[in-house]
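Here's model27.csv, which has CSV, C-alpha atoms (C1' of nucleotides):
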```
chain,number,residue,atom,x,y,z
A,1,MET,CA,88.5,116.6,91.9
A,2,GLY,CA,90.0,119.4,90.0
A,3,PHE,CA,92.4,119.4,87.1
A,4,ALA,CA,95.3,120.4,89.3
A,5,GLU,CA,95.1,117.2,91.3
A,6,THR,CA,94.5,115.1,88.3
A,7,PHE,CA,97.4,116.4,86.2
A,8,LYS,CA,99.7,116.2,89.2
A,9,ALA,CA,98.7,112.6,89.7
A,10,LEU,CA,99.5,111.9,86.0
A,11,SER,CA,102.8,113.7,86.2
A,12,ASP,CA,104.6,110.8,87.9
A,13,THR,CA,106.0,108.0,85.8
A,14,ALA,CA,105.3,105.3,88.4
A,15,ARG,CA,101.7,106.4,88.7
A,16,ARG,CA,101.2,106.4,85.0
A,17,ASP,CA,102.7,102.9,84.9
A,18,ILE,CA,100.2,101.8,87.5
A,19,LEU,CA,97.4,103.2,85.4
A,20,VAL,CA,98.7,101.3,82.4
A,21,LEU,CA,98.7,98.1,84.5
A,22,LEU,CA,95.1,98.8,85.5
A,23,LYS,CA,93.9,99.3,82.0
A,24,GLN,CA,93.8,95.5,81.5
A,25,GLU,CA,92.2,94.5,84.8
A,26,ARG,CA,91.7,95.5,88.4
A,27,LEU,CA,94.6,94.5,90.7
A,28,SER,CA,95.1,94.5,94.4
A,29,ALA,CA,97.7,96.8,96.0
A,30,GLY,CA,100.0,93.9,96.5
A,31,GLU,CA,99.7,92.7,92.9
A,32,ILE,CA,100.5,96.2,91.7
A,33,GLY,CA,103.5,96.3,94.0
A,34,ASN,CA,104.9,93.1,92.5
A,35,HIS,CA,105.4,95.0,89.3
A,36,PHE,CA,107.6,97.6,90.8
A,37,ASP,CA,110.8,97.9,92.6
A,38,MET,CA,109.3,100.0,95.5
A,39,THR,CA,108.1,99.2,98.9
A,40,GLY,CA,104.4,98.6,99.6
A,41,ALA,CA,104.3,101.8,101.5
A,42,THR,CA,105.4,103.7,98.5
A,43,ILE,CA,102.9,102.0,96.3
A,44,SER,CA,100.2,102.8,98.8
A,45,TYR,CA,101.3,106.5,98.7
A,46,HIS,CA,101.0,106.6,94.9
A,47,LEU,CA,97.6,104.8,95.0
A,48,SER,CA,96.3,107.4,97.5
A,49,ILE,CA,97.3,110.1,95.1
A,50,LEU,CA,95.6,108.4,92.2
A,51,LYS,CA,92.6,107.9,94.3
A,52,LYS,CA,92.3,111.5,95.4
A,53,ALA,CA,92.6,112.5,91.8
A,54,GLY,CA,89.7,110.2,91.0
A,55,LEU,CA,91.8,108.2,88.5
A,56,VAL,CA,91.2,105.0,90.3
A,57,TYR,CA,88.7,103.7,92.8
A,58,GLU,CA,89.0,100.8,95.2
A,59,GLN,CA,86.9,97.8,95.9
A,60,ARG,CA,87.4,96.1,99.2
A,61,GLU,CA,87.1,92.3,99.1
A,62,LYS,CA,88.1,89.8,101.7
A,63,ASN,CA,91.5,90.7,102.8
A,64,PHE,CA,92.4,92.7,99.7
A,65,ILE,CA,91.8,96.1,98.2
A,66,TYR,CA,91.4,96.0,94.5
A,67,TYR,CA,92.1,99.1,92.4
A,68,GLU,CA,90.4,99.8,89.1
A,69,LEU,CA,90.9,102.5,86.5
A,70,ASN,CA,88.2,105.2,86.5
A,71,THR,CA,87.9,106.0,82.8
A,72,SER,CA,85.5,108.9,83.3
A,73,VAL,CA,88.2,111.1,84.8
A,74,VAL,CA,90.5,110.1,82.0
A,75,GLU,CA,87.8,111.3,79.6
A,76,GLU,CA,87.5,114.6,81.5
A,77,VAL,CA,91.2,115.2,81.0
A,78,MET,CA,90.9,114.4,77.4
A,79,LEU,CA,88.1,117.0,77.1
A,80,TRP,CA,90.3,119.6,78.7
A,81,LEU,CA,93.0,118.9,76.2
A,82,SER,CA,90.6,118.8,73.4
A,83,ASP,CA,89.3,122.3,74.3
A,84,LEU,CA,92.9,123.5,74.5
A,85,LYS,CA,93.7,122.2,71.1
A,86,GLY,CA,90.5,123.4,69.5
A,87,GLY,CA,90.3,126.9,70.8
A,88,GLN,CA,92.7,128.6,68.5
A,89,LYS,CA,91.9,131.2,65.9
A,90,ASN,CA,91.7,129.4,62.6
A,91,GLY,CA,90.6,126.3,64.3
A,92,LYS,CA,87.8,124.2,62.7
A,93,MET,CA,85.1,125.4,65.1
A,94,GLU,CA,85.9,129.0,64.6
A,95,GLU,CA,85.5,129.2,60.8
A,96,LYS,CA,82.8,131.5,59.7
B,1,MET,CA,110.1,114.8,74.2
B,2,GLY,CA,108.7,111.9,76.3
B,3,PHE,CA,105.5,111.7,78.2
B,4,ALA,CA,107.2,112.2,81.5
B,5,GLU,CA,108.4,115.7,80.5
B,6,THR,CA,105.0,116.6,78.9
B,7,PHE,CA,102.9,115.5,81.8
B,8,LYS,CA,105.2,117.2,84.3
B,9,ALA,CA,104.8,120.4,82.3
B,10,LEU,CA,101.1,120.0,82.4
B,11,SER,CA,101.0,119.4,86.1
B,12,ASP,CA,101.5,123.0,87.2
B,13,THR,CA,98.6,125.3,87.3
B,14,ALA,CA,100.5,128.3,86.1
B,15,ARG,CA,101.7,126.5,83.1
B,16,ARG,CA,98.3,125.2,82.2
B,17,ASP,CA,97.0,128.8,82.5
B,18,ILE,CA,99.7,129.9,80.1
B,19,LEU,CA,98.6,127.3,77.6
B,20,VAL,CA,95.0,128.4,77.9
B,21,LEU,CA,96.1,132.0,77.2
B,22,LEU,CA,98.0,130.8,74.1
B,23,LYS,CA,95.1,128.8,72.8
B,24,GLN,CA,93.7,132.1,71.5
B,25,GLU,CA,96.8,133.6,70.0
B,26,ARG,CA,100.5,133.7,70.3
B,27,LEU,CA,101.9,136.1,72.9
B,28,SER,CA,105.3,137.5,73.8
B,29,ALA,CA,106.9,136.5,77.1
B,30,GLY,CA,106.1,140.0,78.5
B,31,GLU,CA,102.5,139.8,77.4
B,32,ILE,CA,102.1,136.4,79.1
B,33,GLY,CA,103.7,137.8,82.2
B,34,ASN,CA,101.2,140.6,82.4
B,35,HIS,CA,98.5,138.1,83.1
B,36,PHE,CA,100.2,136.7,86.2
B,37,ASP,CA,101.4,137.9,89.5
B,38,MET,CA,104.9,136.5,89.0
B,39,THR,CA,108.2,138.0,88.0
B,40,GLY,CA,109.4,137.8,84.5
B,41,ALA,CA,112.1,135.4,85.6
B,42,THR,CA,109.5,132.9,86.9
B,43,ILE,CA,107.5,133.2,83.7
B,44,SER,CA,110.6,132.5,81.7
B,45,TYR,CA,111.2,129.4,83.9
B,46,HIS,CA,107.8,128.1,83.2
B,47,LEU,CA,108.1,128.9,79.5
B,48,SER,CA,111.3,126.9,79.3
B,49,ILE,CA,109.6,123.9,80.8
B,50,LEU,CA,106.7,124.1,78.3
B,51,LYS,CA,109.3,124.5,75.5
B,52,LYS,CA,111.3,121.5,76.6
B,53,ALA,CA,108.0,119.5,76.8
B,54,GLY,CA,107.3,120.5,73.2
B,55,LEU,CA,104.0,122.1,74.3
B,56,VAL,CA,104.9,125.5,72.9
B,57,TYR,CA,107.4,126.8,70.5
B,58,GLU,CA,108.9,130.3,70.1
B,59,GLN,CA,109.2,132.7,67.3
B,60,ARG,CA,111.8,135.5,67.6
B,61,GLU,CA,110.7,138.7,66.1
B,62,LYS,CA,112.3,142.1,66.6
B,63,ASN,CA,112.9,142.6,70.2
B,64,PHE,CA,110.3,140.0,71.3
B,65,ILE,CA,110.0,136.3,71.6
B,66,TYR,CA,106.5,135.1,70.8
B,67,TYR,CA,105.2,131.8,72.2
B,68,GLU,CA,102.7,129.7,70.4
B,69,LEU,CA,100.8,126.5,71.4
B,70,ASN,CA,102.0,123.3,69.8
B,71,THR,CA,98.8,121.4,69.3
B,72,SER,CA,100.5,118.3,67.9
B,73,VAL,CA,102.0,117.5,71.3
B,74,VAL,CA,98.6,118.1,72.9
B,75,GLU,CA,97.2,115.5,70.5
B,76,GLU,CA,99.9,113.0,71.5
B,77,VAL,CA,98.9,113.3,75.1
B,78,MET,CA,95.3,112.8,74.1
B,79,LEU,CA,96.2,109.7,72.2
B,80,TRP,CA,98.0,108.3,75.3
B,81,LEU,CA,95.0,108.9,77.4
B,82,SER,CA,92.7,107.5,74.7
B,83,ASP,CA,94.7,104.3,74.7
B,84,LEU,CA,94.6,104.1,78.5
B,85,LYS,CA,90.9,104.5,78.4
B,86,GLY,CA,90.3,102.1,75.6
B,87,GLY,CA,92.5,99.2,76.7
B,88,GLN,CA,90.2,97.6,79.3
B,89,LYS,CA,88.6,94.2,79.0
B,90,ASN,CA,85.0,94.7,78.0
B,91,GLY,CA,85.9,97.9,76.2
B,92,LYS,CA,84.3,98.5,72.9
B,93,MET,CA,87.3,97.4,70.9
B,94,GLU,CA,87.6,94.1,72.7
B,95,GLU,CA,84.1,92.8,72.1
B,96,LYS,CA,84.0,89.6,70.2
C,1,DG,C1',90.5,85.6,120.6
C,2,DT,C1',95.2,84.5,118.2
C,3,DG,C1',98.1,84.5,114.5
C,4,DG,C1',98.9,85.7,109.8
C,5,DT,C1',98.5,88.4,105.6
C,6,DA,C1',97.4,92.9,103.3
C,7,DT,C1',97.5,97.6,103.4
C,8,DT,C1',98.0,102.1,105.3
C,9,DT,C1',100.0,105.7,108.3
C,10,DA,C1',103.7,108.2,110.6
C,11,DG,C1',108.0,110.2,110.6
C,12,DA,C1',112.3,111.2,108.5
C,13,DA,C1',115.7,112.0,104.7
C,14,DA,C1',116.9,113.2,100.0
C,15,DT,C1',115.5,115.2,95.9
C,16,DT,C1',112.9,118.2,93.0
C,17,DT,C1',110.2,122.3,92.1
C,18,DA,C1',108.7,127.1,92.1
C,19,DT,C1',109.9,131.4,93.2
C,20,DC,C1',112.5,135.6,94.0
C,21,DT,C1',116.4,139.2,93.3
C,22,DA,C1',120.2,140.5,90.8
C,23,DA,C1',123.0,140.2,86.9
C,24,DA,C1',123.8,139.0,82.1
C,25,DT,C1',122.3,138.8,77.0
C,26,DA,C1',120.1,140.2,73.1
C,27,DT,C1',118.2,143.3,70.1
C,28,DC,C1',116.0,147.4,68.7
C,29,DT,C1',116.2,152.5,67.9
C,30,DA,C1',118.2,156.9,67.8
D,1,DT,C1',127.9,153.3,69.6
D,2,DA,C1',124.7,154.2,73.6
D,3,DG,C1',120.6,153.8,75.8
D,4,DA,C1',116.3,151.4,76.4
D,5,DT,C1',113.5,147.4,76.4
D,6,DA,C1',112.7,142.3,76.5
D,7,DT,C1',114.0,138.1,78.1
D,8,DT,C1',117.0,134.7,80.1
D,9,DT,C1',120.4,132.9,83.4
D,10,DA,C1',122.5,132.3,88.0
D,11,DG,C1',122.2,131.6,92.7
D,12,DA,C1',119.5,131.2,96.8
D,13,DT,C1',115.6,129.7,99.5
D,14,DA,C1',111.2,127.8,100.8
D,15,DA,C1',107.9,124.4,99.9
D,16,DA,C1',106.4,120.1,97.9
D,17,DT,C1',107.4,115.4,96.5
D,18,DT,C1',109.2,110.8,96.6
D,19,DT,C1',111.0,107.3,99.0
D,20,DC,C1',112.3,104.5,102.9
D,21,DT,C1',111.7,102.0,107.6
D,22,DA,C1',109.0,101.0,111.3
D,23,DA,C1',104.7,100.9,113.4
D,24,DA,C1',99.7,100.7,113.2
D,25,DT,C1',95.2,99.0,111.3
D,26,DA,C1',92.1,95.9,109.1
D,27,DC,C1',90.5,91.7,108.1
D,28,DC,C1',90.4,86.7,107.4
D,29,DA,C1',90.9,81.8,109.0
D,30,DC,C1',91.5,78.7,112.6
```

Go ahead and express the file in the form of structure tokens.
Amino acid sequence: MGFAETFKALSDTARRDILVLLKQERLSAGEIGNHFDMTGATISYHLSILKKAGLVYEQREKNFIYYELNTSVVEEVMLWLSDLKGGQKNGKMEEK
Amino acid sequence: MGFAETFKALSDTARRDILVLLKQERLSAGEIGNHFDMTGATISYHLSILKKAGLVYEQREKNFIYYELNTSVVEEVMLWLSDLKGGQKNGKMEEK
DNA sequence: GTGGTATTTAGAAATTTATCTAAATATCTA
DNA sequence: TAGATATTTAGATAAATTTCTAAATACCAC
């Protein structure tokens, strides 16, 4: 884990698009690939980065590998951003 | 604007560290630089990326340029993530 | 086991990014 | 205006990233 890996994973448009696809339902690598104009190898590369970042996990079934969004890591990122936003002087939590 | 630029800006550790510094108070480019082991030119490069992403804005005063966190863009990113998280089947908002 | 489909891995090329040094701007103060 | 300080811009380089093709692996069905 680590925010560096997670934010890097989120920094690529193709990877964010993959996550948006997965927010509806889990999809196999091949199904994901059908939505993009990239080779399967490139999709696999992006999936590996999302996986390392913890943003998706995989479920192996029959001859397929299904990818699913991991919302808990999305929440961790939101918490980091929330802390960033909330930490200023004059912020709500700082009022005496 | 655009999420691509914003997430790219957030993907670098130095830039996130700069944002964390700025969550307490605005700082000049030089003050920011004092916290890092990088040349002023490199700091300036990172600040320009944060600025383009809308994550900070600058205030020119006297001989200094002060940088301040723009929380509204941080909020937009949080909303994007919130939508990602909330959009799944079986999510709270989808229950019938 | 053989053949077929799904996915990943390896290696290479093109692009982008992060960083530095040196030079250019901008603005203050005397 | 001249000198000093703050910051940015330009140009170069090294490292990281994205993408491809081709080959390898994994797994299923027959």

Can you check which parts of range 52-85 of chain A lie within 9 Å of range 7-29 of chain D? Per residue, the shortest pair of atoms and distance in Å to one decimal, counting only C-alpha atoms (C1' of nucleotides), sorted by chain and number, as a tab-separated table.
```
residue	atom	partner	partner_atom	distance
A:Lys62	CA	D:DC28	C1'	6.9
A:Asn63	CA	D:DC27	C1'	5.5
A:Phe64	CA	D:DC27	C1'	8.7
```

Which residues of chain A come within 7 Å of chain B, and what is each one's closest atom pair and distance in Å (one decimal), counting all atoms listed in the file, sorted by chain and residue number, as CSV?
```
residue,atom,partner,partner_atom,distance
A:Ala4,CA,B:Thr13,CA,6.2
A:Phe7,CA,B:Ser11,CA,4.7
A:Lys8,CA,B:Ser11,CA,4.6
A:Leu10,CA,B:Phe7,CA,6.5
A:Ser11,CA,B:Lys8,CA,4.6
A:Thr13,CA,B:Ala4,CA,6.1
A:Val20,CA,B:Leu84,CA,6.3
A:Lys23,CA,B:Gln88,CA,4.9
A:Gln24,CA,B:Gln88,CA,4.7
A:Glu25,CA,B:Gln88,CA,6.6
A:Thr71,CA,B:Lys85,CA,5.5
A:Val74,CA,B:Leu81,CA,6.5
A:Met78,CA,B:Met78,CA,5.7
A:Leu81,CA,B:Val74,CA,6.5
A:Leu84,CA,B:Lys23,CA,6.0
A:Lys85,CA,B:Thr71,CA,5.5
A:Gly87,CA,B:Lys23,CA,5.5
A:Gln88,CA,B:Gln24,CA,4.7
A:Lys89,CA,B:Gln24,CA,6.0
```

### Task
Give me, please, the distance in Å between CA of Glu61 in chain B and C1' of DA23 in chain C, quoted to one decimal.
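Separating CA of Glu61 in chain B from C1' of DA23 in chain C is a distance of 24.2 Å.
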
Would you write out, as a Markdown table, a table of all residues in chain B that have an atom no more than 12 Å from an atom of chain D, listing for each the closest atom pair and the distance in Å to one decimal, considering all atoms listed in the file and ordering rows by chain and rising residue number?
```
| residue | atom | partner | partner_atom | distance |
| --- | --- | --- | --- | --- |
| B:Ser28 | CA | D:DA6 | C1' | 9.2 |
| B:Ala29 | CA | D:DT7 | C1' | 7.3 |
| B:Gly30 | CA | D:DA6 | C1' | 7.3 |
| B:Glu31 | CA | D:DA6 | C1' | 10.5 |
| B:Gly33 | CA | D:DT7 | C1' | 11.1 |
| B:Thr39 | CA | D:DT7 | C1' | 11.5 |
| B:Gly40 | CA | D:DT7 | C1' | 7.9 |
| B:Ala41 | CA | D:DT8 | C1' | 7.4 |
| B:Thr42 | CA | D:DT8 | C1' | 10.3 |
| B:Ile43 | CA | D:DT7 | C1' | 9.9 |
| B:Ser44 | CA | D:DT8 | C1' | 7.0 |
| B:Tyr45 | CA | D:DT8 | C1' | 8.7 |
| B:His46 | CA | D:DT8 | C1' | 11.7 |
| B:Leu47 | CA | D:DT8 | C1' | 10.6 |
| B:Ser48 | CA | D:DT8 | C1' | 9.7 |
| B:Arg60 | CA | D:DT7 | C1' | 11.0 |
| B:Glu61 | CA | D:DA6 | C1' | 11.2 |
| B:Lys62 | CA | D:DA6 | C1' | 9.9 |
| B:Asn63 | CA | D:DA6 | C1' | 6.3 |
| B:Phe64 | CA | D:DA6 | C1' | 6.2 |
| B:Ile65 | CA | D:DT7 | C1' | 7.8 |
| B:Tyr66 | CA | D:DT7 | C1' | 10.9 |
```

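Here CA of Glu76 in chain B and CA of Ile49 in chain B stand 17.3 Å from one another.
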